[in-house]
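Down below is the structure, laid out as structure tokens.
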Amino acid sequence: MHERITPLFSEEQIRVRVKELGVQLTADYAGKVPVVVGLLNGVFPFMADLVRAMDLDMDVSFMQVASYHGGTESTGEVHILKDLDRSIQGRHLLVVEDIVDTGLTLHKVRNLLKDREPLSIKVCTLLDKPSRRKIEVPVHYVGFTIPDHFVIGYGLDLDGKYRNLPYVGVYHP
Ligand code: 5GP
């Protein structure tokens, strides 16, 4: 049915890894009440699983941005399609991403959030493609590091499709 897709991480592998991240985050944020910020759209399955693996009081909020990667520009505007529904001033932020590729989106979002004076910003991503990085951006928690493949499933799309696959696979055009 999905003959162009090679499975990369199974439902079970993702479940186990997300649990591990949850245990680590629970320990690292013990005694704090972080604002967990999910970057839409791709993050929704990961975010839902991750927050349920964190045994903490927290606020959950979502943001959606459109990032235009023109040329080598790395500090340009990021267009906010949906903003957070709360103030983050003086709060510990955990930004949750589906995948960090060039790092440009995360870099811009980080700058934008920093201007709102949170106490700390850390980043958790399900997938990381460090070989594609165009700008240095701190990523504190990584589910899986992957080579330069185009992946889909578990929230990640190809033209809006495949977000609902329960596993992560490599798409072969
Ligand atoms: P960056 O700004 O780091 O280059 O881009 C991050 C965004 O690009 C991700 O949030 C995601 O929407 C998209 N992206 C990057 N790599 C992939 C990939 O392998 N598969 C999919 N479906 N989206 C990707």
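In the structure tokens, each chain is lettered A, B, ... as it comes, each chain's residues begin at 1, and ligands are numbered from 1 in order of appearance.
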
Please, which residues have at least one atom within 7 Å of an atom of ligand 1, using only C-alpha atoms and all ligand atoms, listed as a PDB file with C-alpha atoms, in the first residue's frame?
```
ATOM      1  CA  GLY A  42       4.025  18.187  12.555  1.00  0.00           C
ATOM      2  CA  GLU A  97       9.671  20.122  17.390  1.00  0.00           C
ATOM      3  CA  ASP A  98       9.057  17.198  15.052  1.00  0.00           C
ATOM      4  CA  ILE A  99      12.353  17.540  13.203  1.00  0.00           C
ATOM      5  CA  VAL A 100      15.312  19.905  13.109  1.00  0.00           C
ATOM      6  CA  ASP A 101      16.789  20.084   9.635  1.00  0.00           C
ATOM      7  CA  THR A 102      18.675  23.276   8.619  1.00  0.00           C
ATOM      8  CA  GLY A 103      17.890  24.739  12.045  1.00  0.00           C
ATOM      9  CA  LEU A 104      16.655  27.994  10.502  1.00  0.00           C
ATOM     10  CA  THR A 105      13.076  27.711  11.757  1.00  0.00           C
ATOM     11  CA  LEU A 106      14.145  26.873  15.270  1.00  0.00           C
ATOM     12  CA  HIS A 149      16.604  11.313   4.405  1.00  0.00           C
ATOM     13  CA  PHE A 150      13.179  12.802   3.758  1.00  0.00           C
ATOM     14  CA  VAL A 151      10.991  11.196   6.392  1.00  0.00           C
ATOM     15  CA  ILE A 152       7.241  11.054   6.814  1.00  0.00           C
ATOM     16  CA  LEU A 156       5.562  14.491   9.411  1.00  0.00           C
ATOM     17  CA  ASP A 157       3.973  15.111   6.043  1.00  0.00           C
ATOM     18  CA  LEU A 158       4.555  15.132   2.341  1.00  0.00           C
TER      19      LEU A 158
END
```

Could you list, as a PyMOL selection string, every residue within 7 Å of A:Lys129, counting only C-alpha atoms and ignoring same-chain residues fewer than 3 positions away?
chain A and resi 100-101+132+145-148

List every residue of stretch 28-142 of chain A that DSSP, applied to the backbone of this structure, places in strand (DSSP E or B), and write the result as a PyMOL selection string.
chain A and resi 35-40+59-67+78-82+92-100+120-128+141-142

What's around stretch 47-59 of chain A at 6 Å? Count only C-alpha atoms, leave out sequence neighbours fewer than 2 positions away in its own chain, and write the answer as a PDB file with N, CA and C atoms, in the first residue's frame.
```
ATOM      1  N   VAL A  18      10.176   7.738  23.387  1.00  0.00           N
ATOM      2  CA  VAL A  18       9.427   8.869  23.949  1.00  0.00           C
ATOM      3  C   VAL A  18       9.297   8.705  25.472  1.00  0.00           C
ATOM      4  N   LYS A  19       9.090   7.475  25.921  1.00  0.00           N
ATOM      5  CA  LYS A  19       9.057   7.194  27.368  1.00  0.00           C
ATOM      6  C   LYS A  19      10.361   7.607  28.027  1.00  0.00           C
ATOM      7  N   GLY A  22      10.640  11.258  28.306  1.00  0.00           N
ATOM      8  CA  GLY A  22       9.729  11.703  29.357  1.00  0.00           C
ATOM      9  C   GLY A  22      10.345  11.543  30.741  1.00  0.00           C
ATOM     10  N   THR A  26      11.200  14.658  33.102  1.00  0.00           N
ATOM     11  CA  THR A  26      10.581  14.680  34.432  1.00  0.00           C
ATOM     12  C   THR A  26      11.639  14.978  35.486  1.00  0.00           C
ATOM     13  N   VAL A  33       7.528  24.285  36.832  1.00  0.00           N
ATOM     14  CA  VAL A  33       6.289  24.121  36.061  1.00  0.00           C
ATOM     15  C   VAL A  33       6.550  24.719  34.673  1.00  0.00           C
ATOM     16  N   PRO A  34       7.108  23.921  33.755  1.00  0.00           N
ATOM     17  CA  PRO A  34       7.479  24.479  32.455  1.00  0.00           C
ATOM     18  C   PRO A  34       6.263  24.785  31.578  1.00  0.00           C
ATOM     19  N   VAL A  35       6.489  25.672  30.605  1.00  0.00           N
ATOM     20  CA  VAL A  35       5.523  25.820  29.522  1.00  0.00           C
ATOM     21  C   VAL A  35       6.070  24.974  28.370  1.00  0.00           C
ATOM     22  N   VAL A  43       4.153  18.466  14.967  1.00  0.00           N
ATOM     23  CA  VAL A  43       4.513  18.002  16.305  1.00  0.00           C
ATOM     24  C   VAL A  43       3.373  17.283  17.034  1.00  0.00           C
ATOM     25  N   PHE A  44       2.157  17.319  16.489  1.00  0.00           N
ATOM     26  CA  PHE A  44       1.016  16.935  17.338  1.00  0.00           C
ATOM     27  C   PHE A  44       1.053  15.515  17.912  1.00  0.00           C
ATOM     28  N   PRO A  45       1.428  14.465  17.162  1.00  0.00           N
ATOM     29  CA  PRO A  45       1.454  13.138  17.815  1.00  0.00           C
ATOM     30  C   PRO A  45       2.573  13.028  18.856  1.00  0.00           C
TER      31      PRO A  45
END
```

Which of chain A end up as alpha helix (DSSP H) when DSSP is run on this backbone - answer as a ChimeraX atom specification?
/A:11-28,44-52,104-114

Write out as a ChimeraX atom specification which residues come within 8 Å of A:Leu93 when counting only C-alpha atoms, dropping same-chain ones fewer than 6 positions away.
/A:34-37,118-122

To one decimal in Å, tell me the separation between atom CA of A:Asp159 and atom CA of A:Ile14.
23.0 Å

Between A:Lys32, A:Arg4, A:Arg133, A:His140, smallest distance to A:Gly90 by only C-alpha atoms belongs to A:Lys32

Nearest residue to A:His92 out of A:Tyr29, A:Val109, A:Val139, A:Asn41, using only C-alpha atoms?
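Closest residue, counting only C-alpha atoms: A:Tyr29.
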
In Å, rounded to a single decimal, give me how far atom CA of A:Lys134 is from atom CA of A:Leu25.
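Atom CA of A:Lys134 lies 27.3 Å from atom CA of A:Leu25.
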